[in-house]
file data_21.cif (mmCIF, C-alpha atoms)
data_data
loop_
_atom_site.label_atom_id
_atom_site.label_comp_id
_atom_site.auth_asym_id
_atom_site.auth_seq_id
_atom_site.Cartn_x
_atom_site.Cartn_y
_atom_site.Cartn_z
CA ALA P 1 0.00 0.00 0.00
CA ASN P 2 2.83 2.39 0.86
CA GLN P 3 4.59 1.62 -2.43
CA TYR P 4 1.53 2.32 -4.57
CA LYS P 5 0.18 5.16 -2.38
CA VAL P 6 -3.00 3.29 -1.46
CA PRO P 7 -4.66 4.78 1.68
CA ILE P 8 -5.21 2.43 4.63
CA ILE P 9 -8.13 3.60 6.79
CA PRO P 10 -8.45 1.90 10.22
CA TYR P 11 -12.07 1.42 11.27
CA GLY P 12 -13.08 0.81 14.89
CA ALA P 13 -16.61 1.46 16.14
CA GLY P 14 -17.43 4.21 13.64
CA THR P 15 -18.59 6.59 16.38
CA SER P 16 -16.36 9.55 15.50
CA VAL P 17 -17.74 12.65 13.80
CA GLU P 18 -14.46 14.20 12.59
CA GLY P 19 -14.70 12.69 9.12
CA HIS P 20 -11.35 10.88 9.09
CA LEU P 21 -13.09 7.62 8.12
CA ASN P 22 -14.14 9.09 4.78
CA ALA P 23 -12.28 7.43 1.89
CA LEU P 24 -11.84 10.58 -0.19
CA TYR P 25 -9.26 8.90 -2.43
CA GLY P 26 -10.43 5.30 -2.16
CA GLY P 27 -8.18 2.80 -0.42
CA VAL P 28 -8.54 -0.09 2.01
CA SER P 29 -10.74 -0.06 5.11
CA LEU P 30 -9.03 -2.00 7.90
CA ASP P 31 -11.43 -3.56 10.45
CA MET P 32 -9.82 -3.23 13.89
CA THR P 33 -12.50 -5.03 15.91
CA ASN P 34 -10.47 -8.27 16.14
CA PHE P 35 -7.73 -6.43 18.03
CA ASN P 36 -9.76 -7.14 21.16
CA GLU P 37 -7.32 -8.56 23.71
CA ILE P 38 -7.26 -7.25 27.29
CA GLU P 39 -4.10 -8.10 29.24
CA LEU P 40 -4.99 -8.05 32.95
CA MET P 41 -1.46 -8.42 34.31
CA ASP P 42 -1.07 -8.35 38.10
CA ASP P 43 1.93 -6.03 37.97
CA GLY P 44 0.05 -3.73 35.60
CA LEU P 45 -2.98 -3.53 37.85
CA GLU P 46 -0.74 -2.75 40.81
CA ASP P 47 0.73 0.11 38.79
CA PHE P 48 -2.73 1.23 37.64
CA PHE P 49 -2.53 0.43 33.94
CA VAL P 50 -3.74 -2.25 31.53
CA ARG P 51 -2.73 -3.08 27.95
CA VAL P 52 -5.58 -3.49 25.47
CA GLY P 53 -6.02 -4.05 21.76
CA ALA P 54 -7.07 -1.08 19.64
CA GLY P 55 -10.47 -2.67 18.92
CA VAL P 56 -11.57 -2.94 22.57
CA THR P 57 -14.39 -0.50 23.39
CA ARG P 58 -14.32 1.53 26.59
CA LYS P 59 -17.47 -0.12 27.99
CA THR P 60 -16.07 -3.60 27.30
CA LEU P 61 -12.85 -2.63 29.07
CA ASN P 62 -14.62 -1.27 32.14
CA GLU P 63 -16.82 -4.36 32.35
CA ALA P 64 -13.70 -6.55 32.28
CA LEU P 65 -12.14 -4.38 35.01
CA ARG P 66 -15.18 -4.28 37.28
CA HIS P 67 -13.93 -7.05 39.60
CA THR P 68 -10.58 -5.25 40.09
CA GLY P 69 -12.09 -2.12 41.64
CA MET P 70 -10.57 0.06 38.92
CA GLN P 71 -11.81 1.63 35.71
CA PHE P 72 -10.76 3.55 32.61
CA MET P 73 -12.05 7.09 33.02
CA VAL P 74 -12.09 8.81 29.62
CA ASP P 75 -15.73 9.04 28.52
CA PRO P 76 -16.44 10.69 25.14
CA GLY P 77 -20.10 9.64 25.34
CA ALA P 78 -20.13 6.98 22.64
CA ASP P 79 -18.89 3.42 23.19
CA ALA P 80 -15.80 4.09 21.10
CA THR P 81 -12.80 1.80 20.67
CA ILE P 82 -9.68 2.63 22.65
CA GLY P 83 -7.63 2.80 19.45
CA GLY P 84 -10.09 5.23 17.92
CA MET P 85 -10.06 7.35 21.05
CA VAL P 86 -6.27 7.59 20.81
CA ALA P 87 -6.40 8.39 17.10
CA CYS P 88 -8.78 11.33 17.54
CA GLY P 89 -7.46 12.48 20.94
CA ALA P 90 -10.79 11.90 22.66
CA SER P 91 -11.85 13.76 25.77
CA GLY P 92 -15.30 13.94 27.33
CA THR P 93 -17.15 14.64 30.54
CA THR P 94 -14.40 13.42 32.90
CA ALA P 95 -11.62 15.56 31.37
CA VAL P 96 -12.14 18.19 34.08
CA LYS P 97 -10.59 15.80 36.63
CA TYR P 98 -8.78 13.02 34.77
CA GLY P 99 -7.64 14.81 31.64
CA THR P 100 -8.07 13.87 27.98
CA MET P 101 -6.91 10.71 26.20
CA ARG P 102 -3.42 12.16 25.85
CA SER P 103 -3.11 12.23 29.66
CA ASN P 104 -4.29 8.63 30.08
CA ILE P 105 -1.82 6.70 27.92
CA HIS P 106 1.39 5.06 29.11
CA SER P 107 2.51 3.54 25.82
CA LEU P 108 1.25 2.28 22.49
CA THR P 109 2.23 0.14 19.53
CA THR P 110 1.87 1.52 16.00
CA ILE P 111 2.45 0.17 12.51
CA LEU P 112 4.11 2.90 10.46
CA PRO P 113 3.41 3.39 6.71
CA ASN P 114 6.59 1.49 5.72
CA GLY P 115 5.56 -1.51 7.85
CA THR P 116 7.83 -0.76 10.81
CA ILE P 117 6.39 -1.76 14.20
CA ALA P 118 6.99 1.16 16.54
CA HIS P 119 6.70 0.91 20.34
CA CYS P 120 6.16 4.35 21.90
CA GLY P 121 6.28 5.40 25.53
CA SER P 122 6.84 3.27 28.62
CA ASN P 123 4.86 1.81 31.51
CA THR P 124 6.51 4.00 34.13
CA LEU P 125 4.51 6.76 35.75
CA LYS P 126 7.17 9.34 34.92
CA SER P 127 9.73 9.43 32.13
CA SER P 128 11.43 12.27 30.24
CA ALA P 129 13.70 10.07 28.13
CA GLY P 130 13.53 10.44 24.34
CA TYR P 131 10.97 12.05 22.09
CA ASP P 132 7.33 12.09 23.21
CA VAL P 133 6.15 10.10 20.19
CA THR P 134 3.13 8.81 22.14
CA SER P 135 1.67 12.32 22.29
CA LEU P 136 2.45 12.80 18.60
CA MET P 137 0.48 9.68 17.65
CA THR P 138 -2.42 10.72 19.89
CA GLY P 139 -4.78 12.80 17.80
CA SER P 140 -3.05 11.92 14.52
CA GLU P 141 -6.40 10.79 13.03
CA GLY P 142 -4.83 7.71 11.38
CA THR P 143 -2.41 9.75 9.26
CA LEU P 144 0.87 8.69 10.90
CA GLY P 145 0.27 4.99 11.45
CA ILE P 146 -2.12 2.25 12.54
CA ILE P 147 -2.44 1.96 16.32
CA THR P 148 -2.73 -1.71 17.37
CA SER P 149 -2.39 -1.76 21.17
CA ILE P 150 -2.35 0.72 24.03
CA ALA P 151 -1.41 0.72 27.71
CA VAL P 152 -3.97 2.99 29.38
CA LYS P 153 -4.08 4.42 32.89
CA LEU P 154 -6.63 3.14 35.40
CA HIS P 155 -8.26 4.82 38.38
CA PRO P 156 -10.04 3.42 41.45
CA ILE P 157 -13.82 3.18 41.20
CA PRO P 158 -15.13 5.83 43.64
CA THR P 159 -17.10 4.56 46.61
CA HIS P 160 -19.57 7.46 46.67
CA VAL P 161 -20.92 9.25 43.59
CA VAL P 162 -23.54 11.98 43.20
CA ALA P 163 -24.67 13.59 39.92
CA ALA P 164 -26.43 16.92 39.53
CA ILE P 165 -27.80 19.34 36.93
CA CYS P 166 -28.46 23.05 37.16
CA SER P 167 -30.09 25.37 34.61
CA PHE P 168 -29.00 28.95 33.87
CA ASP P 169 -30.52 31.82 31.91
CA THR P 170 -27.36 32.27 29.79
CA VAL P 171 -24.31 30.28 28.74
CA GLN P 172 -22.13 32.99 30.29
CA GLU P 173 -23.67 32.39 33.73
CA ALA P 174 -23.00 28.66 33.43
CA ALA P 175 -19.41 29.31 32.35
CA ASN P 176 -18.92 31.69 35.29
CA ALA P 177 -20.16 28.98 37.66
CA VAL P 178 -17.62 26.48 36.34
CA THR P 179 -14.84 29.07 36.66
CA MET P 180 -15.79 29.69 40.28
CA MET P 181 -15.83 25.95 41.00
CA LYS P 182 -12.27 25.72 39.71
CA MET P 183 -11.19 28.80 41.65
CA CYS P 184 -12.75 27.41 44.84
CA ASP P 185 -11.01 24.07 44.21
CA VAL P 186 -14.22 22.05 44.15
CA PRO P 187 -13.08 18.60 42.89
CA VAL P 188 -15.72 18.10 40.18
CA ALA P 189 -15.36 14.63 38.61
CA ARG P 190 -17.51 15.28 35.53
CA CYS P 191 -18.67 18.48 33.90
CA GLU P 192 -20.59 19.18 30.71
CA LEU P 193 -22.57 22.14 29.38
CA LEU P 194 -25.55 21.84 27.03
CA ASP P 195 -26.97 25.03 25.52
CA GLY P 196 -30.68 25.69 25.15
CA THR P 197 -30.80 24.33 21.59
CA SER P 198 -29.25 21.04 22.73
CA VAL P 199 -31.70 20.72 25.62
CA ALA P 200 -34.62 21.41 23.27
CA ALA P 201 -33.31 18.76 20.88
CA PHE P 202 -33.14 16.23 23.70
CA ASN P 203 -36.65 17.05 24.93
CA ASN P 204 -37.97 16.59 21.41
CA TYR P 205 -36.07 13.32 21.02
CA VAL P 206 -37.45 11.95 24.30
CA SER P 207 -41.02 12.87 23.38
CA ARG P 208 -40.71 11.15 20.01
CA GLN P 209 -39.21 8.06 21.60
CA GLY P 210 -42.20 7.87 23.93
CA SER P 211 -40.05 7.87 27.06
CA GLY P 212 -41.69 9.18 30.18
CA SER P 213 -38.54 10.74 31.61
CA SER P 214 -35.73 12.93 30.35
CA GLY P 215 -33.32 11.86 33.05
CA SER P 216 -33.94 14.89 35.24
CA GLY P 217 -36.93 13.29 36.89
CA GLU P 218 -39.44 15.27 34.77
CA SER P 219 -41.08 14.83 31.39
CA SER P 220 -38.70 17.46 30.00
CA MET P 221 -35.92 19.77 31.13
CA PRO P 222 -36.18 23.59 31.09
CA VAL P 223 -34.96 24.80 27.69
CA LYS P 224 -32.01 26.71 29.11
CA PRO P 225 -28.23 26.29 29.20
CA THR P 226 -27.71 23.41 31.63
CA LEU P 227 -24.67 22.19 33.53
CA PHE P 228 -24.29 18.45 34.11
CA LEU P 229 -22.02 17.64 37.05
CA GLU P 230 -20.76 14.66 39.00
CA PHE P 231 -18.96 14.45 42.33
CA THR P 232 -17.01 11.56 43.85
CA GLY P 233 -15.37 10.91 47.20
CA HIS P 234 -14.39 8.41 49.87
CA SER P 235 -17.39 9.23 52.07
CA GLU P 236 -20.93 10.60 51.85
CA THR P 237 -19.87 13.60 53.91
CA SER P 238 -17.06 14.61 51.55
CA VAL P 239 -19.32 14.30 48.51
CA GLN P 240 -22.12 16.26 50.20
CA GLU P 241 -19.66 19.07 50.97
CA GLN P 242 -18.80 19.26 47.26
CA VAL P 243 -22.49 19.31 46.31
CA ASP P 244 -23.30 22.05 48.83
CA ALA P 245 -20.39 24.21 47.69
CA THR P 246 -21.33 23.77 44.03
CA LYS P 247 -24.97 24.50 44.72
CA ALA P 248 -24.08 27.79 46.42
CA ILE P 249 -21.77 28.77 43.55
CA CYS P 250 -24.41 28.00 40.92
CA ILE P 251 -27.02 30.09 42.73
CA ASP P 252 -24.57 33.00 43.13
CA CYS P 253 -23.76 32.86 39.41
CA GLY P 254 -27.40 32.98 38.33
CA GLY P 255 -28.37 29.32 38.26
CA GLY P 256 -31.83 28.18 39.29
CA GLY P 257 -34.43 30.77 38.38
CA SER P 258 -35.28 34.20 37.03
CA SER P 259 -35.06 36.18 40.28
CA ASN P 260 -32.97 36.12 43.45
CA GLU P 261 -36.01 35.36 45.58
CA GLU P 262 -36.95 32.39 43.39
CA LYS P 263 -33.40 31.04 43.49
CA ILE P 264 -33.23 31.21 47.29
CA ASN P 265 -36.68 29.85 48.04
CA ASN P 266 -36.85 27.20 45.32
CA GLN P 267 -33.22 26.23 44.77
CA ASP P 268 -34.01 22.49 44.97
CA LEU P 269 -36.46 22.94 42.10
CA TYR P 270 -33.61 23.80 39.73
CA PHE P 271 -30.59 22.00 41.21
CA LYS P 272 -31.36 18.31 40.64
CA ILE P 273 -29.41 15.53 42.36
CA ALA P 274 -29.14 11.81 41.55
CA THR P 275 -27.40 9.28 43.80
CA SER P 276 -28.14 5.75 42.57
CA GLU P 277 -26.37 4.37 39.49
CA SER P 278 -29.62 4.11 37.51
CA GLU P 279 -30.61 7.68 38.39
CA ARG P 280 -27.17 8.99 37.40
CA LYS P 281 -27.31 7.20 34.05
CA ALA P 282 -30.78 8.64 33.43
CA LEU P 283 -29.61 12.14 34.32
CA TRP P 284 -26.60 11.92 31.99
CA SER P 285 -28.72 10.49 29.15
CA ALA P 286 -29.22 14.00 27.74
CA ARG P 287 -25.49 14.26 27.14
CA HIS P 288 -24.97 10.71 25.87
CA GLN P 289 -27.93 10.82 23.48
CA LEU P 290 -27.25 14.31 22.14
CA TYR P 291 -25.90 13.10 18.77
CA TYR P 292 -29.08 11.14 18.04
CA ALA P 293 -31.20 14.00 19.37
CA SER P 294 -29.43 16.38 16.97
CA ILE P 295 -30.19 14.06 14.03
CA ASN P 296 -33.81 13.96 15.14
CA LEU P 297 -34.10 17.73 14.74
CA ARG P 298 -34.19 17.36 10.95
CA LYS P 299 -36.96 15.21 9.55
CA GLY P 300 -35.61 12.28 7.54
CA ALA P 301 -31.98 12.99 8.46
CA THR P 302 -29.58 10.10 9.10
CA SER P 303 -26.61 12.25 10.11
CA ALA P 304 -26.15 15.38 12.19
CA PHE P 305 -24.16 17.01 9.38
#

call {"tool": "encode", "arguments": {"input": "data_21.cif", "output": "structure tokens"}}
result
Amino acid sequence: ANQYKVPIIPYGAGTSVEGHLNALYGGVSLDMTNFNEIELMDDGLEDFFVRVGAGVTRKTLNEALRHTGMQFMVDPGADATIGGMVACGASGTTAVKYGTMRSNIHSLTTILPNGTIAHCGSNTLKSSAGYDVTSLMTGSEGTLGIITSIAVKLHPIPTHVVAAICSFDTVQEAANAVTMMKMCDVPVARCELLDGTSVAAFNNYVSRQGSGSSGSGESSMPVKPTLFLEFTGHSETSVQEQVDATKAICIDCGGGGSSNEEKINNQDLYFKIATSESERKALWSARHQLYYASINLRKGATSAF
């Protein structure tokens, strides 16, 4: 292929929206789904990493890790393959605490265009030796080589988790709230902002699907810019402190209602909390189903673009 300039296009789960799977000049589509090995080595787990094939999806990986008490934290929303997440430099809702894909890779193996097998990075927690080729390959969109295996960082599964949403009148108010959370050192584990158009798209999608709940505990969410948040900790008390601090910040920044009196007297009406796993998944459904909700905005559309 390299000799005759034939493009090789790796294909994982097909969940990306960047367009790098498009065969603009023809070529060969390489199915990566059979690169599905997960190496649960004891020494790797002790050092908080695991080596996986490029075709392993993030949900499959976390299911395989469930018994270990650890998990892979990068969550772009879709059930993407790990190799694809490296190729497009995925981030997601947990980036606020755990960083993007680039921050969660120890090493990787890549096949270069001339057929050379390149091993990049190391399994040590800290190393400044040599060129940082791992970061170069991350986000390369399949243009520099074919990623076949990756050693990714793991994190302990938190013992206590609480999710929350809060609506604002403007995007600026929501952004100010997040800035204040960072300045006050509130350890938010997940953070995502949906504007009013996105919320309206989700409400419309839910109504067409015939679901009785939007994930916020109501038939629909207020069509306003909405922050989706999640907090984790080692105890209920520590998590509740984070929730209380965030709630106060959101109210001070304009979250909750249309007047100060309404925000103070009815703050629970606008700051929604979910504690159980099923409730948290339902609350985050607006974010995870946004792509399909966007498609649903246009009658007869099969793509958001």

call {"tool": "residues_around", "arguments": {"input": "data_21.cif", "residues": "stretch 79-90 of chain P", "least_positions_apart": "3", "cutoff": "7 Å", "atoms": "only C-alpha atoms", "output": "PyMOL selection string"}}
result
chain P and resi 12-13+15+54-59+76+100-102+138-142+147-148

call {"tool": "atom_distance", "arguments": {"input": "data_21.cif", "atom1": "atom CA of P:Ala151", "atom2": "atom CA of P:Asn123"}}
result
7.4 Å

call {"tool": "atom_distance", "arguments": {"input": "data_21.cif", "atom1": "atom CA of P:Lys153", "atom2": "atom CA of P:Ile111"}}
result
21.8 Å

call {"tool": "resolve_selection", "arguments": {"input": "data_21.cif", "expression": "the PyMOL selection byres ((chain P and resi 70) around 9)", "output": "list of chain:residue names"}}
result
P:Leu45, P:Phe48, P:Asn62, P:Leu65, P:Arg66, P:His67, P:Thr68, P:Gly69, P:Gln71, P:Phe72, P:Leu154, P:His155, P:Pro156, P:Ile157, P:Pro158

call {"tool": "resolve_selection", "arguments": {"input": "data_21.cif", "expression": "the PyMOL selection byres ((chain P and resi 296-298) around 12)", "output": "ChimeraX atom specification"}}
result
/P:197-209,289-295,299-305

call {"tool": "residues_around", "arguments": {"input": "data_21.cif", "residues": "stretch 251-255 of chain P", "least_positions_apart": "3", "cutoff": "6 Å", "atoms": "only C-alpha atoms", "output": "list in words"}}
result
Ser167, Phe168, Glu173, Ala177 and Ala248 of chain P

call {"tool": "write_last_selection", "arguments": {"input": "data_21.cif", "atoms": "C-alpha atoms", "output": "PDB file, in the coordinates of the input"}}
result
ATOM      1  CA  SER P 167     -30.090  25.370  34.610  1.00  0.00           C
ATOM      2  CA  PHE P 168     -29.000  28.950  33.870  1.00  0.00           C
ATOM      3  CA  GLU P 173     -23.670  32.390  33.730  1.00  0.00           C
ATOM      4  CA  ALA P 177     -20.160  28.980  37.660  1.00  0.00           C
ATOM      5  CA  ALA P 248     -24.080  27.790  46.420  1.00  0.00           C
TER       6      ALA P 248
END

call {"tool": "residues_around", "arguments": {"input": "data_21.cif", "residues": "P:Asp195", "least_positions_apart": "4", "cutoff": "9 Å", "atoms": "all atoms listed in the file", "output": "list in words"}}
result
Thr170, Val171, Val199, Ala200, Val223, Lys224, Pro225, Thr226 and Leu227 of chain P

call {"tool": "resolve_selection", "arguments": {"input": "data_21.cif", "expression": "the PyMOL selection byres ((chain P and resi 29) around 6)", "output": "list in words"}}
result
Ile9, Pro10, Val28 and Leu30 of chain P

call {"tool": "atom_distance", "arguments": {"input": "data_21.cif", "atom1": "atom CA of P:Ala23", "atom2": "atom CA of P:Gln3"}}
result
18.4 Å
